[in-house]
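Asker: I'm passing along start-v3.cif; it holds mmCIF, C-alpha atoms.
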```
data_final
loop_
_atom_site.label_atom_id
_atom_site.label_comp_id
_atom_site.auth_asym_id
_atom_site.auth_seq_id
_atom_site.Cartn_x
_atom_site.Cartn_y
_atom_site.Cartn_z
CA MET A 195 -21.54 -9.28 -5.76
CA VAL A 196 -17.95 -9.58 -7.03
CA ALA A 197 -16.52 -8.16 -10.26
CA GLU A 198 -13.79 -10.17 -11.96
CA SER A 199 -11.82 -9.40 -15.10
CA THR A 200 -11.35 -12.11 -17.71
CA GLY A 201 -9.19 -10.03 -20.00
CA SER A 202 -11.89 -9.17 -22.53
CA HIS A 203 -15.08 -8.71 -20.54
CA ALA A 204 -15.79 -7.77 -16.95
CA VAL A 205 -17.78 -10.47 -15.18
CA THR A 206 -20.00 -9.74 -12.23
CA ARG A 207 -20.50 -12.83 -10.06
CA SER A 208 -23.89 -12.26 -8.50
CA ASP A 209 -26.27 -14.12 -6.23
CA ASP A 210 -28.78 -14.43 -9.09
CA PRO A 211 -27.77 -17.47 -11.18
CA ILE A 212 -30.09 -18.40 -14.01
CA LEU A 213 -29.36 -22.14 -13.77
CA VAL A 214 -28.52 -24.12 -10.61
CA GLY A 215 -27.82 -27.83 -10.21
CA ASP A 216 -27.27 -29.88 -7.05
CA SER A 217 -26.14 -33.49 -6.59
CA VAL A 218 -26.85 -34.38 -10.23
CA THR A 219 -25.78 -37.90 -11.20
CA ARG A 220 -26.24 -40.03 -14.31
CA ARG A 221 -25.04 -43.62 -14.47
CA PHE A 222 -24.87 -46.10 -17.32
CA GLY A 223 -24.47 -49.50 -15.69
CA GLY A 224 -21.28 -49.32 -13.66
CA LEU A 225 -20.12 -46.08 -15.31
CA THR A 226 -20.90 -42.76 -13.62
CA ALA A 227 -21.02 -40.29 -16.50
CA VAL A 228 -22.14 -37.28 -14.44
CA ASP A 229 -21.53 -36.65 -10.74
CA VAL A 230 -21.94 -32.90 -10.15
CA ASP A 231 -22.23 -31.74 -6.54
CA HIS A 232 -23.13 -28.13 -7.29
CA VAL A 233 -23.05 -25.83 -10.30
CA GLU A 234 -24.33 -22.34 -11.01
CA VAL A 235 -24.53 -20.55 -14.37
CA GLN A 236 -24.53 -16.79 -13.93
CA ARG A 237 -27.04 -14.63 -15.74
CA GLY A 238 -26.00 -12.47 -18.69
CA VAL A 239 -22.53 -13.92 -19.30
CA ILE A 240 -20.89 -16.51 -21.55
CA THR A 241 -19.91 -19.64 -19.64
CA ALA A 242 -17.82 -22.38 -21.23
CA LEU A 243 -18.12 -26.00 -20.12
CA ILE A 244 -14.86 -27.72 -21.06
CA GLY A 245 -13.09 -30.98 -20.36
CA PRO A 246 -11.45 -33.91 -22.15
CA ASN A 247 -13.43 -36.36 -24.26
CA GLY A 248 -15.61 -38.56 -22.07
CA ALA A 249 -15.79 -36.00 -19.26
CA GLY A 250 -19.61 -36.06 -19.28
CA LYS A 251 -20.26 -32.62 -20.76
CA THR A 252 -22.85 -33.58 -23.37
CA THR A 253 -24.54 -36.04 -21.00
CA PHE A 254 -24.83 -33.20 -18.49
CA PHE A 255 -26.36 -31.01 -21.20
CA ASN A 256 -28.83 -33.77 -22.04
CA VAL A 257 -29.88 -34.16 -18.42
CA LEU A 258 -30.33 -30.42 -17.84
CA THR A 259 -32.48 -30.01 -20.97
CA GLY A 260 -34.64 -33.11 -20.50
CA PHE A 261 -33.17 -35.23 -23.28
CA ASP A 262 -31.88 -37.71 -20.68
CA GLN A 263 -33.01 -38.64 -17.17
CA ALA A 264 -30.78 -38.20 -14.14
CA ASP A 265 -30.47 -40.91 -11.52
CA SER A 266 -30.53 -38.34 -8.75
CA GLY A 267 -30.26 -34.64 -8.06
CA SER A 268 -32.15 -31.43 -8.71
CA TRP A 269 -31.71 -28.49 -11.05
CA SER A 270 -33.68 -25.33 -11.66
CA TYR A 271 -33.98 -22.58 -14.26
CA ASN A 272 -35.02 -19.13 -13.04
CA GLY A 273 -35.97 -20.78 -9.76
CA ARG A 274 -38.25 -23.38 -11.38
CA SER A 275 -37.43 -27.06 -11.06
CA LEU A 276 -36.74 -28.83 -14.36
CA ARG A 277 -36.44 -32.38 -13.05
CA GLY A 278 -38.72 -34.67 -15.05
CA MET A 279 -39.73 -31.88 -17.45
CA PRO A 280 -39.76 -32.87 -21.17
CA PRO A 281 -37.51 -30.93 -23.58
CA TYR A 282 -40.29 -29.04 -25.33
CA LYS A 283 -41.52 -27.59 -22.02
CA VAL A 284 -37.96 -26.65 -21.06
CA ALA A 285 -37.65 -24.77 -24.36
CA ARG A 286 -40.95 -22.97 -23.81
CA LEU A 287 -39.59 -21.63 -20.53
CA GLY A 288 -36.78 -19.92 -22.48
CA MET A 289 -33.94 -22.43 -22.11
CA VAL A 290 -32.97 -23.81 -25.52
CA ARG A 291 -30.06 -25.83 -26.86
CA THR A 292 -28.29 -26.84 -30.05
CA PHE A 293 -26.54 -30.14 -30.74
CA GLN A 294 -23.10 -31.41 -31.75
CA LEU A 295 -24.69 -32.90 -34.85
CA THR A 296 -27.11 -30.34 -36.23
CA LYS A 297 -30.81 -31.21 -36.12
CA VAL A 298 -32.04 -29.26 -39.14
CA LEU A 299 -34.85 -30.81 -41.17
CA ALA A 300 -33.02 -31.47 -44.42
CA LYS A 301 -36.08 -31.76 -46.69
CA LEU A 302 -37.64 -28.53 -45.52
CA THR A 303 -36.48 -25.13 -46.72
CA VAL A 304 -34.47 -22.81 -44.51
CA ILE A 305 -37.45 -20.53 -43.87
CA GLU A 306 -39.65 -23.53 -43.01
CA ASN A 307 -37.06 -24.69 -40.48
CA MET A 308 -37.13 -21.23 -38.95
CA ARG A 309 -40.93 -21.12 -38.66
CA LEU A 310 -40.88 -24.41 -36.78
CA GLY A 311 -38.84 -22.76 -34.02
CA ALA A 312 -41.67 -20.41 -33.03
CA THR A 313 -43.74 -21.48 -30.03
CA GLY A 314 -47.47 -21.24 -29.33
CA GLN A 315 -48.47 -21.50 -32.97
CA ARG A 316 -52.26 -21.47 -33.30
CA GLY A 317 -52.18 -23.44 -36.54
CA GLU A 318 -50.86 -26.49 -34.71
CA SER A 319 -54.38 -27.13 -33.41
CA MET A 320 -56.35 -29.49 -35.66
CA LEU A 321 -59.50 -27.41 -35.27
CA ARG A 322 -57.80 -24.06 -35.98
CA ALA A 323 -55.69 -25.44 -38.80
CA VAL A 324 -58.71 -25.63 -41.13
CA ILE A 325 -59.54 -21.95 -40.54
CA PRO A 326 -56.57 -19.94 -41.92
CA SER A 327 -57.93 -16.65 -40.60
CA MET A 328 -57.26 -17.88 -37.07
CA TRP A 329 -53.53 -18.35 -37.59
CA ARG A 330 -52.46 -16.54 -40.75
CA GLY A 331 -51.62 -13.28 -38.98
CA GLN A 332 -49.46 -15.05 -36.41
CA GLU A 333 -47.64 -16.99 -39.12
CA ASN A 334 -46.93 -13.79 -41.03
CA ALA A 335 -45.44 -12.28 -37.86
CA ASN A 336 -43.34 -15.42 -37.31
CA THR A 337 -42.12 -15.24 -40.91
CA GLU A 338 -41.10 -11.59 -40.50
CA ARG A 339 -39.15 -12.47 -37.36
CA ALA A 340 -37.55 -15.45 -39.13
CA ASP A 341 -36.51 -13.30 -42.09
CA ALA A 342 -34.94 -10.73 -39.78
CA LEU A 343 -32.92 -13.48 -38.06
CA LEU A 344 -31.84 -15.00 -41.38
CA GLU A 345 -30.58 -11.60 -42.47
CA ARG A 346 -28.73 -11.16 -39.18
CA PHE A 347 -27.05 -14.56 -39.58
CA LYS A 348 -26.39 -13.91 -43.29
CA LEU A 349 -28.58 -16.79 -44.39
CA ASP A 350 -31.20 -14.68 -46.15
CA THR A 351 -29.87 -15.70 -49.58
CA LYS A 352 -30.48 -19.35 -48.61
CA ARG A 353 -34.10 -18.67 -47.59
CA GLU A 354 -35.76 -20.98 -50.12
CA ASP A 355 -32.96 -23.57 -50.27
CA PHE A 356 -33.42 -26.96 -48.68
CA ALA A 357 -31.67 -27.08 -45.31
CA GLY A 358 -29.94 -30.29 -46.41
CA SER A 359 -28.03 -28.33 -49.05
CA LEU A 360 -26.31 -26.07 -46.48
CA SER A 361 -22.70 -26.53 -45.42
CA GLY A 362 -21.88 -27.71 -41.90
CA GLY A 363 -21.14 -24.16 -40.75
CA GLN A 364 -24.33 -22.81 -42.30
CA ARG A 365 -26.33 -25.50 -40.51
CA LYS A 366 -24.79 -24.39 -37.22
CA LEU A 367 -25.86 -20.82 -38.00
CA LEU A 368 -29.36 -22.01 -38.90
CA GLU A 369 -29.68 -23.92 -35.62
CA MET A 370 -28.59 -20.86 -33.66
CA ALA A 371 -30.97 -18.61 -35.56
CA ARG A 372 -33.85 -21.06 -35.12
CA ALA A 373 -33.17 -21.22 -31.38
CA LEU A 374 -33.70 -17.46 -31.21
CA MET A 375 -37.24 -17.87 -32.58
CA VAL A 376 -38.13 -18.91 -29.02
CA ASP A 377 -36.69 -15.61 -27.71
CA PRO A 378 -34.75 -17.51 -25.02
CA ASP A 379 -32.99 -16.19 -21.94
CA LEU A 380 -30.50 -19.08 -21.84
CA ILE A 381 -28.94 -20.63 -24.94
CA MET A 382 -26.91 -23.84 -24.59
CA LEU A 383 -24.57 -24.58 -27.49
CA ASP A 384 -23.01 -28.04 -27.79
CA GLU A 385 -19.68 -27.70 -29.64
CA PRO A 386 -20.78 -24.86 -31.93
CA MET A 387 -17.42 -24.79 -33.73
CA ALA A 388 -17.20 -28.52 -34.50
CA GLY A 389 -16.84 -29.08 -38.24
CA VAL A 390 -16.99 -25.37 -39.07
CA ASN A 391 -14.51 -23.99 -41.58
CA PRO A 392 -12.31 -21.05 -40.50
CA ALA A 393 -14.19 -18.60 -42.68
CA LEU A 394 -17.41 -19.15 -40.72
CA LYS A 395 -15.81 -19.49 -37.28
CA GLN A 396 -15.33 -15.76 -36.88
CA SER A 397 -18.94 -15.19 -37.87
CA LEU A 398 -20.14 -17.70 -35.27
CA LEU A 399 -17.91 -16.12 -32.61
CA GLY A 400 -19.42 -12.73 -33.34
CA HIS A 401 -22.95 -14.09 -33.07
CA VAL A 402 -22.24 -15.75 -29.71
CA LYS A 403 -20.84 -12.49 -28.35
CA GLY A 404 -23.89 -10.72 -29.76
CA LEU A 405 -26.17 -12.95 -27.68
CA ARG A 406 -24.43 -11.76 -24.52
CA ASP A 407 -24.61 -8.14 -25.65
CA GLU A 408 -28.40 -8.56 -25.95
CA GLY A 409 -28.52 -9.60 -22.29
CA ARG A 410 -28.91 -13.32 -22.94
CA THR A 411 -27.00 -16.04 -21.11
CA VAL A 412 -24.84 -18.51 -23.05
CA LEU A 413 -23.57 -21.87 -21.83
CA PHE A 414 -21.51 -23.76 -24.37
CA VAL A 415 -19.43 -26.93 -24.67
CA GLU A 416 -16.25 -26.52 -26.71
CA HIS A 417 -12.85 -28.12 -27.32
CA ASP A 418 -11.38 -25.13 -29.17
CA MET A 419 -9.39 -23.47 -26.39
CA ASP A 420 -8.65 -20.38 -28.48
CA MET A 421 -12.38 -19.81 -28.79
CA VAL A 422 -12.89 -20.43 -25.07
CA ARG A 423 -10.25 -17.83 -24.18
CA ASP A 424 -11.65 -15.37 -26.71
CA ILE A 425 -15.32 -15.25 -25.77
CA SER A 426 -15.79 -16.84 -22.34
CA ASP A 427 -16.42 -14.83 -19.21
CA TRP A 428 -16.39 -17.91 -16.98
CA VAL A 429 -15.15 -21.47 -17.46
CA ILE A 430 -16.33 -24.67 -15.78
CA VAL A 431 -14.09 -27.73 -16.17
CA MET A 432 -15.40 -31.30 -16.02
CA ALA A 433 -13.37 -34.51 -15.79
CA GLN A 434 -14.70 -38.01 -15.19
CA GLY A 435 -18.16 -36.60 -14.61
CA LYS A 436 -17.13 -34.15 -11.88
CA ILE A 437 -16.52 -30.42 -11.85
CA ILE A 438 -12.85 -30.01 -10.97
CA ALA A 439 -12.34 -26.26 -11.47
CA GLN A 440 -14.07 -23.04 -12.45
CA GLY A 441 -13.20 -19.38 -12.81
CA PRO A 442 -12.04 -16.84 -15.43
CA PRO A 443 -10.53 -18.52 -18.53
CA LEU A 444 -6.87 -17.61 -18.12
CA SER A 445 -6.64 -18.59 -14.46
CA VAL A 446 -8.55 -21.85 -14.92
CA MET A 447 -6.44 -23.00 -17.85
CA ALA A 448 -3.29 -22.47 -15.80
CA GLU A 449 -4.44 -24.76 -12.97
CA SER A 450 -2.51 -28.01 -12.64
CA ARG A 451 -5.74 -30.01 -12.15
CA VAL A 452 -7.01 -28.82 -15.50
CA ILE A 453 -3.72 -29.48 -17.29
CA ASP A 454 -3.57 -32.97 -15.75
CA ALA A 455 -7.14 -33.69 -16.85
CA TYR A 456 -6.23 -32.96 -20.47
CA LEU A 457 -2.67 -34.28 -20.60
CA GLY A 458 -2.56 -36.85 -17.81
CA VAL A 459 -1.21 -36.73 -14.27
CA HIS A 460 2.58 -36.24 -14.08
CA HIS A 461 2.65 -35.59 -17.82
CA ASP A 462 5.70 -33.35 -17.34
CA ALA A 463 7.48 -35.41 -14.69
CA ALA A 464 10.95 -36.77 -15.44
CA ILE A 465 11.32 -40.57 -15.74
CA THR A 466 14.36 -42.82 -15.38
CA LEU A 467 15.95 -44.74 -18.23
CA GLU A 468 14.62 -48.00 -16.75
CA GLU A 469 11.07 -46.63 -16.57
CA GLU A 470 11.27 -45.44 -20.15
CA GLU A 471 12.52 -48.84 -21.34
CA ALA A 472 9.74 -50.61 -19.41
CA ARG A 473 7.11 -48.37 -21.07
CA LEU A 474 8.59 -49.07 -24.50
CA ASP A 475 8.46 -52.82 -23.80
CA GLU A 476 4.77 -52.49 -22.90
CA ILE A 477 4.09 -50.61 -26.12
CA ARG A 478 5.95 -53.24 -28.18
CA GLU A 479 4.00 -56.08 -26.56
CA THR A 480 0.71 -54.28 -27.11
CA ARG A 481 1.64 -53.69 -30.73
CA LYS A 482 2.42 -57.40 -31.23
CA ILE A 483 -0.96 -58.39 -29.81
CA GLU A 484 -2.82 -55.87 -31.98
CA THR A 485 -1.03 -56.90 -35.20
CA GLY A 486 -0.85 -60.61 -34.48
CA GLU A 487 2.95 -60.64 -34.56
CA THR A 488 4.94 -63.23 -32.58
CA SER A 489 8.46 -63.23 -31.25
CA PRO A 490 11.18 -65.58 -32.65
CA GLU A 491 10.91 -67.69 -29.47
CA GLN A 492 7.16 -68.04 -29.91
CA ARG A 493 7.59 -69.04 -33.57
CA GLY A 494 10.10 -71.73 -32.55
CA GLN A 495 7.54 -73.21 -30.16
CA GLN A 496 4.85 -73.40 -32.83
#
```
Take the structure in the file and write it out as C-alpha cells.
Answerer:
Amino acid sequence: MVAESTGSHAVTRSDDPILVGDSVTRRFGGLTAVDVDHVEVQRGVITALIGPNGAGKTTFFNVLTGFDQADSGSWSYNGRSLRGMPPYKVARLGMVRTFQLTKVLAKLTVIENMRLGATGQRGESMLRAVIPSMWRGQENANTERADALLERFKLDTKREDFAGSLSGGQRKLLEMARALMVDPDLIMLDEPMAGVNPALKQSLLGHVKGLRDEGRTVLFVEHDMDMVRDISDWVIVMAQGKIIAQGPPLSVMAESRVIDAYLGVHHDAAITLEEEEARLDEIRETRKIETGETSPEQRGQQ
C-alpha cells in the first residue's frame, strides 16, 4: 500500500482495485478504437480518464458497462467478471454510468425519472402491478429517497416539471442524482461538464467530490483540465486506444508523452525557414483544393 499526494487529496494506492481490465480490445473494421493491456481503478478515489478526441475513452466506457462488445479481453468489478453482461445487470451490481448526451426521459417529470432509477421494483411484475398493496410501500420509500436526492442536488423545485424543460446543466444533475437511486459503489461519468454553464459547474464539482467523501468510487471522462486538476486523485491518459500514462494529476500532465498526445509530437521543436515554407505551400495547395481555386498556370491551360 502506497500513499501519494495529489495536492488536494491523499491517495492510497492499494491492492484492492474495484475495477480491473486486461487485454481489452475493440475494433471497428480496420480501426482499433481500444487496445488496453491492463488498467485498474482504485476503490474510494476519483479517477479521471483523459485523452485527445478519438482516443477511445467513451468506447472504453461503453465496453466496460456492457453498451458495446469487446473483441477480446476480460474485465471485472469487485472480482466478478462483466464480459458479456448486459448493462442493466452491470448497474444492479452497483456500477452505473452517465452519458455525454443526457438520457433523461423528456416527457416524464423529474420525480418520475428519479423513481425509474430504483432497482428491484415489485410493481414491474405484471401480476403484482394489479395489486397496489404489494408495491405501494416500496414505491413510497423510493419516492422519499428520490426527494432527498433532489433536495441534495437542488432540483427539488423542479420536482413536477417535465425533464425536457430542464437546462443542460440541470439534466446532468438529474442524471447524477438518478444514478444514486441504485446506491452504487462505482459511478462512471462521461464528460459531466460538457455543455454546463459556469454557474452550475461548481455545483457539479462539489457533488462529485461529495461522492468520494461518501466512500464511493468515481471514474470520469473529461476534457476540462482545470476540473481534472481540481478533483482528481488519479489520472489515466489514453491516446489512440492505448493507455500511455497514469499517476497523480500534476505529474501526469507534465509528462512529454501526454503533452505530445494533445499537441502533437515535436510541437515545440524549432523548424528551418525551408521547412516552414514547405508547410505553408502544403497548406496553400490544400486550401486551393478545398475551395476549388486554380493557379494562373492552370487557368491558362483550361
Asker: Find the residues around Thr337 in chain A up to 9 Å (only C-alpha atoms counted), leave out those fewer than 3 positions away in its own chain, and share them as a list in words.
Answerer: Ile305, Glu306, Met308, Arg309, Gln332, Glu333, Asn334, Ala340, Asp341 and Ala342 of chain A
Asker: Counting all atoms listed in the file, what is within 8 Å of Arg220 in chain A, bar same-chain residues fewer than 2 positions away, as a list in words?
Answerer: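 With the cut-off at 8 Å, the set is Val218, Phe222, Thr226, Ala227, Val228, Asp229, Thr253, Gln263, Ala264, Asp265 and Ser266 of chain A.
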Asker: Hey, what's within 12 Å of Lys395 in chain A if we count only C-alpha atoms and toss same-chain stuff fewer than 4 positions away? As a ChimeraX atom specification, please?
Answerer: /A:362-364,366-367,385-391,399-402,418,420-421
Asker: CA of Ile381 in chain A and CA of Val412 in chain A are how many Å apart?
Answerer: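 Interatomic distance, CA of Ile381 in chain A to CA of Val412 in chain A: 5.0 Å.
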Asker: Calculated over only C-alpha atoms, which of the candidates A:Gln315, A:Gln434, A:Asn256, A:Thr351 has the smallest distance to Val376 in chain A?
Answerer: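 Using only C-alpha atoms, the shortest distance to Val376 in chain A belongs to A:Gln315.
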Asker: One decimal, in Å: what's the spacing between CA of Arg291 in chain A and CA of Gly223 in chain A?
Answerer: 26.8 Å
Asker: Go through A:Arg322, A:Lys403, A:Arg365, A:Arg330 one by one, measure the shortest atom-to-atom distance of each to Gly238 in chain A using all atoms listed in the file, and give the residue with the smallest value.
Answerer: A:Lys403
Asker: Give me, as an mmCIF file with C-alpha atoms, in the frame of the given file, all polymer residues having an atom no more than 10 Å from Val235 in chain A, counting all atoms listed in the file and skipping those fewer than 3 positions away in the same chain.
Answerer:
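Output file part39.cif follows:
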```cif
data_model
loop_
_atom_site.group_PDB
_atom_site.id
_atom_site.type_symbol
_atom_site.label_atom_id
_atom_site.label_comp_id
_atom_site.auth_asym_id
_atom_site.auth_seq_id
_atom_site.Cartn_x
_atom_site.Cartn_y
_atom_site.Cartn_z
ATOM 1 C CA ARG A 207 -20.500 -12.830 -10.060
ATOM 2 C CA ASP A 210 -28.780 -14.430 -9.090
ATOM 3 C CA PRO A 211 -27.770 -17.470 -11.180
ATOM 4 C CA ILE A 212 -30.090 -18.400 -14.010
ATOM 5 C CA LEU A 213 -29.360 -22.140 -13.770
ATOM 6 C CA VAL A 214 -28.520 -24.120 -10.610
ATOM 7 C CA GLY A 215 -27.820 -27.830 -10.210
ATOM 8 C CA GLY A 238 -26.000 -12.470 -18.690
ATOM 9 C CA VAL A 239 -22.530 -13.920 -19.300
ATOM 10 C CA ILE A 240 -20.890 -16.510 -21.550
ATOM 11 C CA THR A 241 -19.910 -19.640 -19.640
ATOM 12 C CA ALA A 242 -17.820 -22.380 -21.230
ATOM 13 C CA TYR A 271 -33.980 -22.580 -14.260
ATOM 14 C CA LEU A 380 -30.500 -19.080 -21.840
ATOM 15 C CA THR A 411 -27.000 -16.040 -21.110
ATOM 16 C CA VAL A 412 -24.840 -18.510 -23.050
ATOM 17 C CA LEU A 413 -23.570 -21.870 -21.830
ATOM 18 C CA TRP A 428 -16.390 -17.910 -16.980
ATOM 19 C CA VAL A 429 -15.150 -21.470 -17.460
ATOM 20 C CA ILE A 430 -16.330 -24.670 -15.780
#
```
Asker: From the list A:Val431, A:Ser361, A:Glu345, A:Asp379, which residue is nearest Asn272 in chain A when using only C-alpha atoms?
Answerer: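 With only C-alpha atoms as the atom set, the closest residue is A:Asp379.
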Asker: Could you work out how far CA of Thr313 in chain A lies from CA of Lys283 in chain A, giving the answer in Å with one decimal?
Answerer: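 Interatomic distance here is 10.3 Å.
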Asker: Go ahead and find all residues with at least one atom no further than 12 Å from (-43.9, -22.8, -17.3) in the file's coordinates, using only C-alpha atoms; report them as a count of residues only.
Answerer: 17
Asker: Once the PyMOL selection byres ((chain A and resi 303) around 7) has been evaluated on this model, what residues remain selected, and can you format them as a ChimeraX atom specification?
Answerer: /A:301-302,304-307,353-357
Asker: Rank nothing, just name the residue among A:Arg237, A:Lys436, A:His417, A:Arg451 nearest to Ser217 in chain A, using all atoms listed in the file.
Answerer: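 The shortest atom-to-atom distance to Ser217 in chain A comes from A:Lys436.
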Asker: Using all atoms listed in the file, which of the listed residues (A:Asp384, A:Tyr456, A:Leu368, A:Ala439) sits closest to Phe414 in chain A?
Answerer: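 Of A:Asp384, A:Tyr456, A:Leu368, A:Ala439, the one nearest Phe414 in chain A, counting all atoms listed in the file, is A:Asp384.
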Asker: Need the shell around Pro443 in chain A: protein/DNA/RNA residues with any atom at most 10 Å away, counting only C-alpha atoms. Skip same-chain ones fewer than 4 positions apart. Format as a ChimeraX atom specification?
Answerer: /A:199-201,241-242,419,422-430,447-448
Asker: May I ask which of the residues A:Arg221, A:Arg406, A:Arg339, A:Arg478 is the closest one to Gly250 in chain A, counting all atoms listed in the file?
Answerer: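 Closest to Gly250 in chain A, using all atoms listed in the file: A:Arg221.
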Asker: Might I get the box with edges along x, y and z of the file that holds all atoms of range 385-403 of chain A listed there, padded by 8 Å on every side, given as centre and edge lengths in Å to one decimal, as lines of an AutoDock Vina configuration file?
Answerer:
```
center_x = -17.6
center_y = -20.8
center_z = -35.5
size_x = 26.6
size_y = 32.6
size_z = 30.3
```
